[in-house]
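Asks: So here's query_25.cif, just mmCIF, C-alpha atoms:
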data_query
loop_
_atom_site.label_atom_id
_atom_site.label_comp_id
_atom_site.auth_asym_id
_atom_site.auth_seq_id
_atom_site.Cartn_x
_atom_site.Cartn_y
_atom_site.Cartn_z
CA MET K 1 -8.33 5.75 8.91
CA SER K 2 -6.56 8.58 10.68
CA THR K 3 -4.68 11.05 8.47
CA ASN K 4 -4.43 14.73 7.74
CA ALA K 5 -6.28 14.19 4.47
CA SER K 6 -8.60 16.92 3.35
CA ALA K 7 -12.31 16.52 3.95
CA GLY K 8 -13.10 17.09 0.28
CA ASP K 9 -11.28 14.07 -1.15
CA PRO K 10 -9.30 12.24 1.54
CA LEU K 11 -8.32 9.42 -0.80
CA ALA K 12 -6.81 11.87 -3.27
CA ALA K 13 -4.86 13.43 -0.41
CA LEU K 14 -3.42 9.99 0.39
CA ALA K 15 -2.52 9.55 -3.26
CA ALA K 16 -0.51 12.77 -3.08
CA LEU K 17 1.75 11.49 -0.29
CA PRO K 18 5.42 11.03 -1.27
CA GLY K 19 6.04 7.62 -2.79
CA VAL K 20 2.43 6.68 -3.53
CA ALA K 21 2.64 7.76 -7.16
CA ASP K 22 5.59 5.39 -7.64
CA SER K 23 3.54 2.46 -6.32
CA VAL K 24 0.58 3.43 -8.48
CA GLY K 25 2.74 3.74 -11.60
CA SER K 26 4.45 0.41 -11.01
CA VAL K 27 1.11 -1.36 -10.59
CA ARG K 28 -0.30 0.26 -13.72
CA LYS K 29 2.66 -0.90 -15.81
CA ALA K 30 2.41 -4.45 -14.46
CA VAL K 31 -1.33 -4.65 -15.13
CA ASP K 32 -0.88 -3.29 -18.64
CA ARG K 33 1.75 -5.94 -19.37
CA VAL K 34 -0.42 -8.90 -18.40
CA TYR K 35 -3.44 -7.49 -20.25
CA GLY K 36 -1.27 -7.16 -23.32
CA HIS K 37 -0.26 -10.82 -23.28
CA ARG K 38 -1.46 -12.67 -26.36
CA ILE K 39 -2.97 -15.48 -24.25
CA MET K 40 -4.96 -12.95 -22.23
CA ARG K 41 -6.56 -11.70 -25.41
CA ARG K 42 -7.70 -15.21 -26.38
CA ARG K 43 -8.23 -17.11 -23.15
CA SER K 44 -8.97 -14.54 -20.48
CA VAL K 45 -11.83 -16.59 -18.99
CA GLU K 46 -9.38 -19.36 -18.10
CA ILE K 47 -6.93 -16.87 -16.59
CA THR K 48 -9.71 -15.29 -14.53
CA SER K 49 -10.81 -18.67 -13.20
CA GLU K 50 -7.27 -19.67 -12.29
CA ALA K 51 -6.60 -16.31 -10.63
CA ALA K 52 -9.71 -16.75 -8.48
CA LEU K 53 -8.60 -20.21 -7.38
CA ARG K 54 -5.07 -19.07 -6.55
CA GLY K 55 -6.32 -15.96 -4.83
CA ALA K 56 -8.66 -17.98 -2.62
CA ARG K 57 -5.87 -20.40 -1.73
CA ALA K 58 -3.61 -17.48 -0.82
CA SER K 59 -6.21 -15.67 1.26
CA ALA K 60 -6.98 -18.87 3.18
CA ALA K 61 -3.26 -19.32 3.81
CA LEU K 62 -3.09 -15.89 5.44
CA SER K 63 -6.02 -16.93 7.63
CA GLY K 64 -4.18 -20.03 8.80
CA ALA K 65 -5.16 -22.68 6.22
CA ASP K 66 -2.03 -22.95 4.07
CA TRP K 67 -2.96 -25.72 1.65
CA ALA K 68 -1.13 -26.62 -1.52
CA LEU K 69 -2.79 -25.34 -4.67
CA GLU K 70 -3.42 -28.83 -6.04
CA GLU K 71 -5.06 -29.85 -2.76
CA VAL K 72 -7.47 -26.93 -3.08
CA ARG K 73 -8.07 -27.77 -6.73
CA ARG K 74 -8.94 -31.43 -6.18
CA ARG K 75 -10.98 -31.18 -2.96
CA THR K 76 -14.75 -30.92 -3.13
CA ASP K 77 -15.69 -31.19 0.54
CA PHE K 78 -15.12 -27.98 2.51
CA GLY K 79 -17.90 -28.49 5.01
CA GLY K 80 -15.76 -29.70 7.87
CA GLU K 81 -14.12 -27.89 10.73
CA GLY K 82 -10.98 -25.79 10.95
CA GLU K 83 -8.84 -25.35 7.86
CA ALA K 84 -11.31 -26.95 5.44
CA ARG K 85 -13.93 -24.43 6.52
CA THR K 86 -11.50 -21.55 5.99
CA VAL K 87 -10.53 -22.72 2.51
CA GLY K 88 -14.17 -23.24 1.60
CA ALA K 89 -15.06 -19.75 2.78
CA ALA K 90 -12.25 -18.25 0.70
CA LEU K 91 -13.39 -20.14 -2.39
CA ARG K 92 -17.00 -19.04 -1.93
CA LEU K 93 -15.92 -15.42 -1.51
CA GLY K 94 -13.85 -15.60 -4.68
CA ALA K 95 -16.81 -16.93 -6.63
CA GLU K 96 -19.23 -14.39 -5.15
CA ALA K 97 -17.08 -11.28 -5.57
CA GLY K 98 -17.70 -11.01 -9.29
CA GLN K 99 -21.46 -11.02 -8.75
CA LEU K 100 -21.34 -7.98 -6.48
CA LEU K 101 -19.50 -5.44 -8.60
CA SER K 102 -22.61 -3.56 -9.69
CA VAL K 103 -23.76 -3.17 -6.09
CA TRP K 104 -20.41 -2.14 -4.61
CA ARG K 105 -20.36 1.48 -5.73
CA GLN K 106 -23.99 2.04 -4.69
CA SER K 107 -24.17 0.09 -1.44
CA PRO K 108 -20.86 -1.25 -0.13
CA LEU K 109 -22.39 -2.14 3.25
CA ARG K 110 -24.85 -4.48 1.53
CA VAL K 111 -21.93 -6.12 -0.24
CA LEU K 112 -19.99 -6.59 3.00
CA ALA K 113 -23.03 -8.14 4.67
CA ARG K 114 -23.43 -10.49 1.73
CA LEU K 115 -19.75 -11.45 1.88
CA HIS K 116 -20.07 -12.42 5.53
CA LEU K 117 -23.20 -14.42 4.80
CA VAL K 118 -21.38 -16.28 2.02
CA ALA K 119 -18.28 -16.90 4.11
CA ALA K 120 -19.85 -17.82 7.44
CA GLY K 121 -23.40 -18.87 6.63
CA GLY K 122 -24.21 -22.35 7.85
CA PHE K 123 -21.35 -22.44 10.32
CA GLU K 124 -22.29 -19.78 12.85
CA ASP K 125 -25.21 -18.62 14.91
CA SER K 126 -27.52 -17.24 12.25
CA GLY K 127 -28.17 -14.17 14.37
CA ALA K 128 -24.57 -13.01 13.96
CA VAL K 129 -24.18 -13.71 10.24
CA GLY K 130 -24.48 -10.92 7.70
CA ARG K 131 -24.45 -8.00 10.11
CA PRO K 132 -21.80 -6.02 12.02
CA ARG K 133 -20.99 -7.40 15.45
CA LEU K 134 -22.78 -6.15 18.52
CA ALA K 135 -21.34 -5.08 21.86
CA GLY K 136 -20.01 -8.07 23.76
CA GLU K 137 -19.73 -10.39 20.76
CA GLU K 138 -16.35 -12.02 20.34
CA VAL K 139 -14.29 -11.85 17.15
CA ASP K 140 -12.30 -14.74 15.72
CA GLU K 141 -9.40 -13.24 13.73
CA PRO K 142 -6.12 -14.71 15.01
CA LEU K 143 -3.85 -12.99 12.50
CA VAL K 144 -4.63 -9.48 13.76
CA GLU K 145 -3.82 -8.78 17.40
CA ALA K 146 -4.50 -5.03 17.37
CA SER K 147 -7.03 -3.66 19.82
CA LEU K 148 -10.60 -4.17 18.72
CA PRO K 149 -12.78 -1.11 18.05
CA THR K 150 -16.07 -1.04 19.91
CA ALA K 151 -19.31 -1.91 18.15
CA VAL K 152 -20.24 1.79 18.19
CA GLU K 153 -16.93 2.72 16.57
CA VAL K 154 -17.40 0.00 13.99
CA ALA K 155 -20.82 1.31 12.98
CA GLY K 156 -19.56 4.87 12.55
CA ARG K 157 -16.41 3.94 10.67
CA LEU K 158 -18.25 1.54 8.37
CA GLU K 159 -20.54 4.40 7.38
CA GLY K 160 -17.48 6.55 6.76
CA LEU K 161 -15.89 3.85 4.62
CA ALA K 162 -19.10 3.45 2.63
CA ASP K 163 -19.15 7.20 2.02
CA LEU K 164 -15.59 7.01 0.66
CA VAL K 165 -16.48 4.17 -1.69
CA VAL K 166 -19.54 5.84 -3.20
CA ALA K 167 -18.04 9.34 -3.42
CA ASP K 168 -16.27 10.58 -6.50
CA THR K 169 -12.51 10.62 -5.98
CA ALA K 170 -9.46 11.48 -8.01
CA ALA K 171 -7.49 8.79 -6.21
CA PRO K 172 -6.14 5.82 -8.18
CA ALA K 173 -7.71 2.42 -7.69
CA LEU K 174 -4.74 1.12 -5.71
CA VAL K 175 -5.22 3.77 -3.03
CA SER K 176 -8.97 3.17 -2.71
CA ALA K 177 -8.55 -0.59 -2.57
CA ALA K 178 -5.76 -0.37 0.01
CA VAL K 179 -7.92 1.79 2.27
CA VAL K 180 -10.90 -0.56 1.94
CA HIS K 181 -8.68 -3.52 2.85
CA GLY K 182 -6.92 -1.76 5.71
CA GLU K 183 -10.05 -0.28 7.26
CA LEU K 184 -11.94 -3.58 7.25
CA LEU K 185 -8.97 -5.35 8.79
CA ALA K 186 -8.74 -2.62 11.44
CA LEU K 187 -12.45 -2.74 12.26
CA ARG K 188 -12.99 -6.52 12.06
CA PRO K 189 -16.69 -5.68 11.81
CA PHE K 190 -17.97 -9.26 11.86
CA THR K 191 -17.64 -12.07 14.36
CA SER K 192 -15.57 -14.13 11.92
CA CYS K 193 -13.92 -14.24 8.48
CA ASN K 194 -12.82 -10.59 8.63
CA GLY K 195 -9.44 -11.12 6.98
CA LEU K 196 -10.99 -13.12 4.16
CA ILE K 197 -13.66 -10.45 3.68
CA ALA K 198 -11.16 -7.58 3.76
CA ARG K 199 -9.11 -9.19 1.01
CA ALA K 200 -12.22 -10.03 -1.03
CA ALA K 201 -13.34 -6.41 -0.74
CA GLU K 202 -9.93 -5.24 -1.92
CA ARG K 203 -10.36 -7.44 -4.99
CA ILE K 204 -13.85 -6.02 -5.64
CA ALA K 205 -12.47 -2.49 -5.35
CA LEU K 206 -9.66 -3.21 -7.81
CA VAL K 207 -11.93 -4.91 -10.34
CA GLY K 208 -14.79 -2.45 -9.98
CA SER K 209 -12.47 0.51 -10.50
CA GLY K 210 -11.55 -0.69 -13.96
CA LEU K 211 -7.90 -1.30 -13.09
CA ASP K 212 -8.36 -5.06 -13.34
CA PRO K 213 -11.71 -5.60 -15.10
CA LYS K 214 -11.10 -9.28 -15.80
CA ALA K 215 -9.98 -10.02 -12.21
CA VAL K 216 -6.66 -11.56 -13.15
CA CYS K 217 -4.35 -9.54 -10.87
CA SER K 218 -4.92 -11.34 -7.59
CA ALA K 219 -3.57 -9.20 -4.75
CA GLU K 220 -4.27 -12.07 -2.33
CA VAL K 221 -1.53 -14.08 -4.03
CA GLY K 222 0.92 -11.26 -3.45
CA HIS K 223 -0.10 -10.72 0.16
CA ALA K 224 0.51 -14.40 0.88
CA GLU K 225 3.77 -14.52 -1.08
CA GLN K 226 5.20 -11.64 0.94
CA GLY K 227 4.37 -13.58 4.09
CA ARG K 228 2.21 -13.14 7.14
CA ALA K 229 4.87 -11.21 9.06
CA ALA K 230 5.26 -8.63 6.28
CA TYR K 231 1.48 -8.40 5.93
CA VAL K 232 1.01 -7.68 9.62
CA ALA K 233 3.92 -5.22 9.70
CA ALA K 234 2.50 -3.26 6.77
CA PHE K 235 -0.94 -3.31 8.34
CA GLU K 236 0.51 -1.82 11.52
CA GLY K 237 1.56 1.10 9.35
CA TYR K 238 -2.06 1.55 8.33
CA LEU K 239 -3.16 1.38 11.94
CA SER K 240 -0.66 4.08 12.89
CA GLY K 241 -2.50 6.56 10.66
CA THR K 242 0.77 8.39 9.97
CA PRO K 243 1.64 9.45 6.44
CA GLU K 244 4.65 7.11 6.49
CA GLY K 245 2.53 4.22 7.71
CA MET K 246 -0.14 4.79 5.09
CA VAL K 247 2.45 5.00 2.32
CA ALA K 248 4.00 1.73 3.50
CA TRP K 249 0.61 -0.02 3.52
CA ILE K 250 -0.30 1.26 0.05
CA ALA K 251 3.12 0.17 -1.23
CA HIS K 252 2.62 -3.28 0.28
CA CYS K 253 -0.77 -3.59 -1.42
CA GLY K 254 0.75 -2.40 -4.68
CA ARG K 255 3.52 -4.97 -4.50
CA SER K 256 0.88 -7.61 -3.79
CA VAL K 257 -0.97 -6.71 -6.99
CA GLU K 258 2.29 -6.89 -8.93
CA LEU K 259 3.00 -10.35 -7.55
CA GLY K 260 -0.52 -11.37 -8.50
CA VAL K 261 0.21 -10.11 -12.00
CA ARG K 262 3.39 -12.18 -12.08
CA GLU K 263 1.37 -15.28 -11.11
CA SER K 264 -1.18 -14.76 -13.87
CA THR K 265 1.58 -14.02 -16.36
CA ALA K 266 3.12 -17.38 -15.48
CA VAL K 267 -0.26 -19.02 -16.10
CA CYS K 268 -0.42 -17.28 -19.49
CA GLU K 269 3.04 -18.58 -20.35
CA ALA K 270 2.09 -22.10 -19.30
CA LEU K 271 -1.03 -21.98 -21.47
CA GLN K 272 1.00 -20.69 -24.36
CA ARG K 273 3.38 -23.64 -24.03
CA GLY K 274 0.44 -26.01 -23.77
CA ALA K 275 1.53 -27.04 -20.27
CA ALA K 276 -1.68 -26.06 -18.47
#
Can the structure from this file be put into C-alpha cells for me?

Replies:
Amino acid sequence: MSTNASAGDPLAALAALPGVADSVGSVRKAVDRVYGHRIMRRRSVEITSEAALRGARASAALSGADWALEEVRRRTDFGGEGEARTVGAALRLGAEAGQLLSVWRQSPLRVLARLHLVAAGGFEDSGAVGRPRLAGEEVDEPLVEASLPTAVEVAGRLEGLADLVVADTAAPALVSAAVVHGELLALRPFTSCNGLIARAAERIALVGSGLDPKAVCSAEVGHAEQGRAAYVAAFEGYLSGTPEGMVAWIAHCGRSVELGVRESTAVCEALQRGAA
C-alpha cells in the first residue's frame, strides 16, 4: 500500500479521503437492512450457509472456474484437476473462514498460512504449502498480471499488513477489509490460490470487525457480479497507490458488499415465500 497516510493510523487516513465516507455509509445502510429482515431474525443460520456457498461459487468464478450455483451445490467430488480443484478450494476456504475469526486479530499471518494450507494442501508440493513463497518460486494467479513483488518485499509487506490488522484503528471495517484484500492480491504471497485467499481474508475482516457478524454479506458475490474486468480495473487503482485509486478500490469493495447484501436479501425473500 502506497499512500500519504499518516504513520499513526494509516487506515483512518484512507477513510478520510473524499468519497470514502459515502461508500462506508452506503454499505452500513445495506447491511442494516438485511439484518433487519424478519427471516434473518429467525433463520440466520440458513442464510449464512447459503451466503457461504454463493460466495465460494463467486470467488471460484473470478479465479476461472465459473460454475452454475446448482452445479456447485450438487457436486461432491472436487478432487480433480483444473476447475473442480478451484471450486473445491473456494468451498473449503468458505467453510474454514469462520473458524479463524478469533485468531485473525492476534495473528493474521497464521490465518493466511492456514488458508493456503486449506486451499492448496494435497495438490501441491508440501514444501510450498502454508508459507510465503521463496525467491525463484513461480506463482499461479492468471487473473492478476501486475508485476510480482520479490520474496523479500513480500515478507516485509506481509509484516506491515499484519501490523495494520492487529493495531487499533478508527477506520471503518470496509476500509480495513479493502486494504487486506488489495494488499494480498498485490503481493500474491503464495505459489497458488492467492485470489481465493485474498477474498477469503476480506470476508474474515468484514465478519471479524462486527460489520457482518453472521457472514451473510458476501463481497465475493458482488466482486463476481461486477465482472472480472471491473475487478481488475479497480485493483489497478489500488496498485497505483494514489488517493483516487484507493478511493476507487474501496468503492468497488463497498459496492461488492452491497451486491452481496442484495443476494442474501433475495434468499430471505425466497425463504419467506417458502420457495427455498

Asks: Determine the residue set returned by the PyMOL selection byres ((chain K and resi 203-211) around 10) for the present structure, and present it as JSON, numbers by chain.

Replies: {"K": [27, 28, 31, 32, 52, 55, 94, 96, 97, 98, 99, 100, 101, 102, 103, 104, 105, 108, 111, 165, 172, 173, 174, 175, 176, 177, 178, 179, 180, 181, 197, 198, 199, 200, 201, 202, 212, 213, 214, 215, 216, 217, 218, 219, 220, 257]}

Asks: May I have the selected residues written with C-alpha atoms, as a short mmCIF file (atom, residue, chain, number, x, y, z; two decimals), keeping the file's coordinate frame?

Replies:
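Writing the result to again30.cif gives the following:
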data_model
loop_
_atom_site.label_atom_id
_atom_site.label_comp_id
_atom_site.auth_asym_id
_atom_site.auth_seq_id
_atom_site.Cartn_x
_atom_site.Cartn_y
_atom_site.Cartn_z
CA VAL K 27 1.11 -1.36 -10.59
CA ARG K 28 -0.30 0.26 -13.72
CA VAL K 31 -1.33 -4.65 -15.13
CA ASP K 32 -0.88 -3.29 -18.64
CA ALA K 52 -9.71 -16.75 -8.48
CA GLY K 55 -6.32 -15.96 -4.83
CA GLY K 94 -13.85 -15.60 -4.68
CA GLU K 96 -19.23 -14.39 -5.15
CA ALA K 97 -17.08 -11.28 -5.57
CA GLY K 98 -17.70 -11.01 -9.29
CA GLN K 99 -21.46 -11.02 -8.75
CA LEU K 100 -21.34 -7.98 -6.48
CA LEU K 101 -19.50 -5.44 -8.60
CA SER K 102 -22.61 -3.56 -9.69
CA VAL K 103 -23.76 -3.17 -6.09
CA TRP K 104 -20.41 -2.14 -4.61
CA ARG K 105 -20.36 1.48 -5.73
CA PRO K 108 -20.86 -1.25 -0.13
CA VAL K 111 -21.93 -6.12 -0.24
CA VAL K 165 -16.48 4.17 -1.69
CA PRO K 172 -6.14 5.82 -8.18
CA ALA K 173 -7.71 2.42 -7.69
CA LEU K 174 -4.74 1.12 -5.71
CA VAL K 175 -5.22 3.77 -3.03
CA SER K 176 -8.97 3.17 -2.71
CA ALA K 177 -8.55 -0.59 -2.57
CA ALA K 178 -5.76 -0.37 0.01
CA VAL K 179 -7.92 1.79 2.27
CA VAL K 180 -10.90 -0.56 1.94
CA HIS K 181 -8.68 -3.52 2.85
CA ILE K 197 -13.66 -10.45 3.68
CA ALA K 198 -11.16 -7.58 3.76
CA ARG K 199 -9.11 -9.19 1.01
CA ALA K 200 -12.22 -10.03 -1.03
CA ALA K 201 -13.34 -6.41 -0.74
CA GLU K 202 -9.93 -5.24 -1.92
CA ASP K 212 -8.36 -5.06 -13.34
CA PRO K 213 -11.71 -5.60 -15.10
CA LYS K 214 -11.10 -9.28 -15.80
CA ALA K 215 -9.98 -10.02 -12.21
CA VAL K 216 -6.66 -11.56 -13.15
CA CYS K 217 -4.35 -9.54 -10.87
CA SER K 218 -4.92 -11.34 -7.59
CA ALA K 219 -3.57 -9.20 -4.75
CA GLU K 220 -4.27 -12.07 -2.33
CA VAL K 257 -0.97 -6.71 -6.99
#

Asks: When you draw a straight line from CA of Thr242 (chain K) to CA of Gly8 (chain K), how long is it in Å?

Replies: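 Value for the CA of Thr242 (chain K)-CA of Gly8 (chain K) distance: 19.0 Å.
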
Asks: Env of region 139-147 of chain K: 8 Å cut, atoms = all atoms listed in the file, seq-sep filter 4 positions within chain, self excluded. Answer as a list in words.

Replies: Leu62, Ser63, Gly64, Leu185, Ala186, Arg188, Phe190, Thr191, Ser192, Cys193, Asn194, Gly195 and Val232 of chain K

Asks: So which residues get picked by the PyMOL selection byres ((chain K and resi 235) around 10) here, written as a VMD selection string?

Replies: chain K and resid 144 146 181 to 183 185 to 186 229 to 234 236 to 240 245 to 246 248 to 250 252 to 253

Asks: Pick out the residues sitting within 12 Å of Ala155 (chain K), and hand them over as a VMD selection string; count all atoms listed in the file, and ignore anything fewer than 4 positions along from it in its own chain.

Replies: chain K and resid 109 131 to 135 149 to 151 159 to 162 184 187 to 190

Asks: Rounded to one decimal place, report the CA of Glu258 (chain K)-CA of Arg33 (chain K) distance in Å.

Replies: 10.5 Å
